[in-house]
Amino acid sequence: MGASIWEAGGDEVAALVGARHGDPFGLLGLHETAVGLVLRAFVPGAETLEAVPDDGASAFALGLRDPAGFFEGLVPAAGRFGYRLRAGNAGGSWMVRDAYAFGPVLGAVDDHLLVEGTHRQLYERLGAHPIRHEGVDGVHFAVWAPNAQRVSVIGDFNRWDGRLHQMRKRIDSGLWEIFVPDVGLGTNYKYEIVGRHGDLLPFKADPFGFAGEMRPSTASVVADTAGFVWTDAAHLAARAEGDPRRKPMAAYEVHLGSWQRGEGGRFLSYDELADTLIPYVADLGFTHLELLPVSEHPLDASWGYQPIGLFAPTARFGDPAGFARFVDRAHAAGLGVILDWVPAHFPTDPHGLAAFDGGPLYEHADPRRGFHPDWNTAIYDFGRREVANMLAANALYWLDRFHIDGLRVDAVASMLYLDYSRRAGEWLPNPDGSNDNRDAVAFLRRFNELVYGTHPGTVTIAEESTAWSGVSAPAYAGGLGFGFKWNMGWMNDSLDYMSKDPVHRRWHHDKLTFGLLYAFSENFVLPLSHDEVVHGKGSILGRMPGDEWQRFANARAYYGFMWAHPGKKLLFMGQEFGQTREWNFDAALEWWLLDHAPHRGLKALVGDLNRLYRALPALHARDCEASGFRWVVADDRDQSVFAWLRLGDRHDPPVLAVSNFTPVPRPGYRVGLPFAGRWREVLNTDADLYGGSGLGNQGAVVAAAVPSHGLPASAEILIPPLATVYFLYDPD
């Protein structure tokens, strides 16, 4: 073979075989040269190499240029063509489909939208996508690493050899891409990256990987999340109708890894959970399942709140199709699915996003803004458009691909304040000295606008523990744009009150009344969440005072108070039947407790509360409106009695709720009512059915036109001990 065709310099070849070439597509594959069309290929281990055209033309040999496996040869034909490579050595021969025979998949629009930060469906372009490209099946890999000197995709298909599939860099955006033929679903892969300073980084999982290996393995897995056949059209149509603030929302919060376990303590699969969890929650009357994060995460003890695979349903319970089946089954059972979503921070595990291309990329470059001291995690650079774009696209991904009904955003307070959990000198203020994280605020507003603008009927919920104004106000009005906010103040105050011995509650009466001073300043969810049953706090039942009967009576009265209080509801798993021990993420709930009547009674009460809450508009339609609530008795601290009205629209019958938080029955207790006539007792937490003493009002009371408490009518009622009672106006 004549020397005239060796147009690639020796330095270029050495850089290619050493996996340090800046433009491998500029060297490998078919190229026009001064002497004609030249084909170059790199096949380590080969001693001979032939090109076999796809059109049936005769094969032709390539010459060995470098003993590492670099071959080059003149092509005995004109024009580009498809081909395979037949390699050989002393051990035999094998066929190779050359990735460098294929053109790019991404285009200038992808570059522009990424840099602009407006690529809503970025997940359709980045990650690993099984496609047919230029007539050949394979997988297109694309990753953002603008500061990298070289990126290779490595995996089972190339013996994890970073020399073999060095990717094409798109200079305008910092995206790297390659189409690898003959790779299919289920393939494990990572990215091998040479950083900005020429150092070889730890192998990185795909930030847009749609599946991952089961921990402790950390590779991404090629998966298809676009091909699931859904059966939930009716659910989505119904979801899009009406205002979520005026619909019932009672969420059952679940950690999938510890709700139940299989034999030997194994995790249940998504399909097994669909068979067991979904009917259980539906039978209890909840409207939604709220799942602790299901994005892939390396550490079980993080409960999912330190995710690395933001686009991958965790492999602990199966593959992405299994998760899609789970959501579809939930929708068929009438349950919405809300996911806990974590855009606030990410772990610094070497295979993750931290220093992804050799330095700060996804995280803020200044550790005063880019590192979280409480959790030893990195904080996203919300002001970088590409990073904000990735996070927003991830939110839309769960709604698009998995039909999720809502996202509860974790740790919003940590995003809003530059000095969150930091001492003086440990944070970087704004130029004017203020402490609000304006980049994070802009991101949250944009995220909420996108969710509500593209998926009618879905909801976003903020876990925000401060008095930041307008969390659930529209973004166009200066708010953050969330649909709802967790009412952490109500949770802290009410649990503190309930933990007191009844004899002392008179001194803490305002713990239950104070919340109504701000109850309509936001659209609130009342959360008794996983955070209230960990870290030494015990269970909800375990925080109730008194002997066993009183503890259950207190819990029942508390739930009755909560379900009649303005605000949507959330209850963490196990608290519906009176879990006794603190939640353990590494073990199943104490299901054996349901062999005992008090626990069965508490569970029955929660089911009835949910059914009443859903059936009676007065209990849910104006959860977020001051016109839906009126105190009747707010000042009887001596007897620890509270009474209030819940009101729906004009034609909805009102509900009177009365709570007695002492173990002393209150017979003949007069309460004001808006109408004379029959008020039916529709729920009594002290009923025999629930394990109570059975005291009550014989099914109803009749109100007379005797004014009381500023209302035109009133009735004398019996308030059972440690109980909440509901009365529905029922004149017929």
# chains A, B, ... in the order shown; residues from 1 in each chain; ligands from 1

$ residues_around --residues "A:Asp638" --least-positions-apart "3" --cutoff "9 Å" --atoms "only C-alpha atoms" --output "CSV table (one decimal) with N, CA and C atoms, in the first residue's frame"
chain,number,residue,atom,x,y,z
A,505,ARG,N,-53.6,20.4,78.6
A,505,ARG,CA,-53.9,21.0,77.3
A,505,ARG,C,-54.5,22.3,77.4
A,506,ARG,N,-55.2,22.6,78.5
A,506,ARG,CA,-55.9,23.9,78.6
A,506,ARG,C,-54.8,25.1,78.5
A,507,TRP,N,-53.6,24.8,78.9
A,507,TRP,CA,-52.6,25.8,78.8
A,507,TRP,C,-51.9,25.9,77.4
A,509,HIS,N,-54.0,25.7,74.5
A,509,HIS,CA,-55.2,25.7,73.6
A,509,HIS,C,-54.9,26.4,72.3
A,635,ASP,N,-62.7,29.2,72.2
A,635,ASP,CA,-62.2,29.7,73.4
A,635,ASP,C,-62.4,28.9,74.6
A,641,VAL,N,-62.3,22.0,74.4
A,641,VAL,CA,-63.3,21.7,73.4
A,641,VAL,C,-63.2,22.7,72.3

$ select_by_dssp --residues "stretch 149-214 of chain A" --states "strand (DSSP E)" --output "list in words"
Arg150, Val151, Ser152, Val153, Ile154, Gly155, Arg168, Lys169, Arg170, Leu175, Trp176, Glu177, Ile178, Phe179, Val180, Pro181, Asn188, Tyr189, Lys190, Tyr191, Glu192, Ile193 and Val194 of chain A

$ write_last_selection --atoms "N, CA and C atoms" --output "CSV table (one decimal), in the first residue's frame"
chain,number,residue,atom,x,y,z
A,150,ARG,N,-12.3,14.6,26.1
A,150,ARG,CA,-12.8,13.4,25.4
A,150,ARG,C,-13.8,12.7,26.2
A,151,VAL,N,-14.9,12.2,25.5
A,151,VAL,CA,-15.9,11.4,26.1
A,151,VAL,C,-16.1,10.1,25.3
A,152,SER,N,-16.1,9.0,26.0
A,152,SER,CA,-16.4,7.7,25.3
A,152,SER,C,-17.5,7.0,26.0
A,153,VAL,N,-18.4,6.3,25.3
A,153,VAL,CA,-19.3,5.5,25.9
A,153,VAL,C,-18.7,4.1,26.0
A,154,ILE,N,-18.8,3.5,27.2
A,154,ILE,CA,-18.2,2.2,27.5
A,154,ILE,C,-19.3,1.3,28.1
A,155,GLY,N,-19.2,0.0,27.8
A,155,GLY,CA,-20.2,-0.9,28.3
A,155,GLY,C,-19.9,-2.3,28.0
A,168,ARG,N,-18.5,12.1,19.3
A,168,ARG,CA,-18.4,13.3,18.6
A,168,ARG,C,-18.8,14.5,19.4
A,169,LYS,N,-18.0,15.5,19.5
A,169,LYS,CA,-18.3,16.7,20.3
A,169,LYS,C,-19.0,17.7,19.4
A,170,ARG,N,-20.2,18.2,19.9
A,170,ARG,CA,-20.9,19.3,19.2
A,170,ARG,C,-20.4,20.6,19.9
A,175,LEU,N,-22.4,19.2,23.8
A,175,LEU,CA,-22.9,17.9,23.8
A,175,LEU,C,-22.0,16.9,23.1
A,176,TRP,N,-22.0,15.7,23.5
A,176,TRP,CA,-21.2,14.6,22.9
A,176,TRP,C,-22.2,13.5,22.5
A,177,GLU,N,-22.0,12.9,21.3
A,177,GLU,CA,-23.0,11.9,20.8
A,177,GLU,C,-22.3,10.9,20.0
A,178,ILE,N,-22.9,9.7,19.9
A,178,ILE,CA,-22.4,8.7,19.0
A,178,ILE,C,-23.6,7.7,18.9
A,179,PHE,N,-23.8,7.2,17.7
A,179,PHE,CA,-24.7,6.1,17.4
A,179,PHE,C,-23.9,4.8,17.4
A,180,VAL,N,-24.2,3.8,18.2
A,180,VAL,CA,-23.5,2.6,18.3
A,180,VAL,C,-24.4,1.5,17.7
A,181,PRO,N,-24.1,1.0,16.6
A,181,PRO,CA,-25.0,0.0,15.9
A,181,PRO,C,-25.0,-1.4,16.7
A,188,ASN,N,-25.7,-2.5,29.7
A,188,ASN,CA,-25.1,-1.7,30.7
A,188,ASN,C,-24.1,-0.8,30.1
A,189,TYR,N,-24.0,0.5,30.6
A,189,TYR,CA,-23.0,1.4,30.0
A,189,TYR,C,-22.7,2.5,31.0
A,190,LYS,N,-21.6,3.2,30.8
A,190,LYS,CA,-21.3,4.4,31.5
A,190,LYS,C,-20.5,5.3,30.5
A,191,TYR,N,-20.1,6.5,31.0
A,191,TYR,CA,-19.2,7.4,30.2
A,191,TYR,C,-17.9,7.4,30.8
A,192,GLU,N,-16.9,7.3,29.9
A,192,GLU,CA,-15.5,7.5,30.3
A,192,GLU,C,-15.1,8.9,29.8
A,193,ILE,N,-14.7,9.7,30.7
A,193,ILE,CA,-14.4,11.2,30.4
A,193,ILE,C,-13.0,11.6,30.8
A,194,VAL,N,-12.4,12.2,29.8
A,194,VAL,CA,-11.1,12.9,30.1
A,194,VAL,C,-11.4,14.4,30.4

$ closest_residue --among "A:Phe382, A:Gly352, A:Asp419, A:Ala467" --to "A:Asp439" --atoms "only C-alpha atoms"
A:Phe382

$ residues_around --residues "stretch 369-376 of chain A" --least-positions-apart "4" --cutoff "9 Å" --atoms "only C-alpha atoms" --output "PyMOL selection string"
chain A and resi 345+347-348+360+363-365+380-381+414+418-422+427-428

$ select_by_dssp --residues "stretch 335-486 of chain A" --states "alpha helix (DSSP H)" --output "number ranges by chain"
A: 367-370, 385-402, 412-416, 438-454

$ residues_around --residues "A:Leu593" --least-positions-apart "5" --cutoff "9 Å" --atoms "only C-alpha atoms" --output "VMD selection string"
chain A and resid 577 to 580 598 to 600

$ write_last_selection --atoms "N, CA, C and O atoms" --output "PDB file, in the first residue's frame"
ATOM      1  N   PHE A 577     -52.984   2.451  60.971  1.00  0.00           N
ATOM      2  CA  PHE A 577     -53.401   1.375  61.877  1.00  0.00           C
ATOM      3  C   PHE A 577     -52.671   1.433  63.220  1.00  0.00           C
ATOM      4  O   PHE A 577     -52.797   0.518  64.034  1.00  0.00           O
ATOM      5  N   GLY A 578     -51.932   2.489  63.459  1.00  0.00           N
ATOM      6  CA  GLY A 578     -51.303   2.636  64.760  1.00  0.00           C
ATOM      7  C   GLY A 578     -49.993   1.888  64.891  1.00  0.00           C
ATOM      8  O   GLY A 578     -49.786   1.155  65.873  1.00  0.00           O
ATOM      9  N   GLN A 579     -49.104   2.059  63.915  1.00  0.00           N
ATOM     10  CA  GLN A 579     -47.751   1.520  64.051  1.00  0.00           C
ATOM     11  C   GLN A 579     -47.203   1.953  65.406  1.00  0.00           C
ATOM     12  O   GLN A 579     -47.349   3.118  65.809  1.00  0.00           O
ATOM     13  N   THR A 580     -46.579   1.034  66.131  1.00  0.00           N
ATOM     14  CA  THR A 580     -46.106   1.365  67.475  1.00  0.00           C
ATOM     15  C   THR A 580     -44.649   1.805  67.496  1.00  0.00           C
ATOM     16  O   THR A 580     -44.281   2.693  68.273  1.00  0.00           O
ATOM     17  N   PRO A 598     -57.868  -2.725  68.664  1.00  0.00           N
ATOM     18  CA  PRO A 598     -57.670  -1.265  68.625  1.00  0.00           C
ATOM     19  C   PRO A 598     -57.023  -0.785  67.325  1.00  0.00           C
ATOM     20  O   PRO A 598     -57.363   0.284  66.816  1.00  0.00           O
ATOM     21  N   HIS A 599     -56.101  -1.583  66.808  1.00  0.00           N
ATOM     22  CA  HIS A 599     -55.435  -1.213  65.558  1.00  0.00           C
ATOM     23  C   HIS A 599     -56.403  -1.334  64.380  1.00  0.00           C
ATOM     24  O   HIS A 599     -56.409  -0.473  63.487  1.00  0.00           O
ATOM     25  N   ARG A 600     -57.212  -2.384  64.389  1.00  0.00           N
ATOM     26  CA  ARG A 600     -58.220  -2.515  63.332  1.00  0.00           C
ATOM     27  C   ARG A 600     -59.225  -1.374  63.403  1.00  0.00           C
ATOM     28  O   ARG A 600     -59.672  -0.854  62.365  1.00  0.00           O
TER      29      ARG A 600
END

$ atom_distance --atom1 "atom CA of A:Gly138" --atom2 "atom CA of A:Phe102"
11.0 Å

$ closest_atom_pairs --of "stretch 518-620 of chain A" --to "stretch 408-411 of chain A" --cutoff "12 Å" --atoms "only C-alpha atoms" --output "CSV"
residue,atom,partner,partner_atom,distance
A:Val525,CA,A:Arg408,CA,10.8
A:Pro527,CA,A:Arg408,CA,11.8
A:Asp531,CA,A:Asp410,CA,11.6
A:Leu570,CA,A:Arg408,CA,11.7

$ write_last_selection --atoms "all heavy atoms" --output "PDB file, in the first residue's frame"
ATOM      1  N   VAL A 525     -51.466  21.724  52.481  1.00  0.00           N
ATOM      2  CA  VAL A 525     -51.622  20.301  52.760  1.00  0.00           C
ATOM      3  C   VAL A 525     -51.237  20.091  54.216  1.00  0.00           C
ATOM      4  O   VAL A 525     -50.207  20.616  54.675  1.00  0.00           O
ATOM      5  CB  VAL A 525     -50.723  19.440  51.850  1.00  0.00           C
ATOM      6  CG1 VAL A 525     -50.778  17.967  52.264  1.00  0.00           C
ATOM      7  CG2 VAL A 525     -51.121  19.603  50.383  1.00  0.00           C
ATOM      8  N   PRO A 527     -49.645  17.742  56.668  1.00  0.00           N
ATOM      9  CA  PRO A 527     -48.813  16.548  56.536  1.00  0.00           C
ATOM     10  C   PRO A 527     -48.476  15.884  57.868  1.00  0.00           C
ATOM     11  O   PRO A 527     -47.873  16.490  58.753  1.00  0.00           O
ATOM     12  CB  PRO A 527     -47.544  17.103  55.888  1.00  0.00           C
ATOM     13  CG  PRO A 527     -47.414  18.485  56.482  1.00  0.00           C
ATOM     14  CD  PRO A 527     -48.814  18.946  56.852  1.00  0.00           C
ATOM     15  N   ASP A 531     -41.275  12.289  58.001  1.00  0.00           N
ATOM     16  CA  ASP A 531     -40.360  13.051  58.849  1.00  0.00           C
ATOM     17  C   ASP A 531     -40.806  13.102  60.299  1.00  0.00           C
ATOM     18  O   ASP A 531     -40.002  13.406  61.187  1.00  0.00           O
ATOM     19  CB  ASP A 531     -40.232  14.484  58.320  1.00  0.00           C
ATOM     20  CG  ASP A 531     -39.307  14.580  57.117  1.00  0.00           C
ATOM     21  OD1 ASP A 531     -38.352  13.789  57.044  1.00  0.00           O
ATOM     22  OD2 ASP A 531     -39.541  15.441  56.255  1.00  0.00           O
ATOM     23  N   LEU A 570     -52.405  14.379  54.285  1.00  0.00           N
ATOM     24  CA  LEU A 570     -51.352  13.410  53.974  1.00  0.00           C
ATOM     25  C   LEU A 570     -51.025  12.629  55.234  1.00  0.00           C
ATOM     26  O   LEU A 570     -50.796  13.217  56.298  1.00  0.00           O
ATOM     27  CB  LEU A 570     -50.093  14.096  53.449  1.00  0.00           C
ATOM     28  CG  LEU A 570     -48.938  13.134  53.139  1.00  0.00           C
ATOM     29  CD1 LEU A 570     -48.295  13.470  51.793  1.00  0.00           C
ATOM     30  CD2 LEU A 570     -47.867  13.156  54.242  1.00  0.00           C
TER      31      LEU A 570
END

$ closest_residue --among "A:Val96, A:Leu277, A:Leu39, A:Leu64" --to "A:His255" --atoms "only C-alpha atoms"
A:Leu277
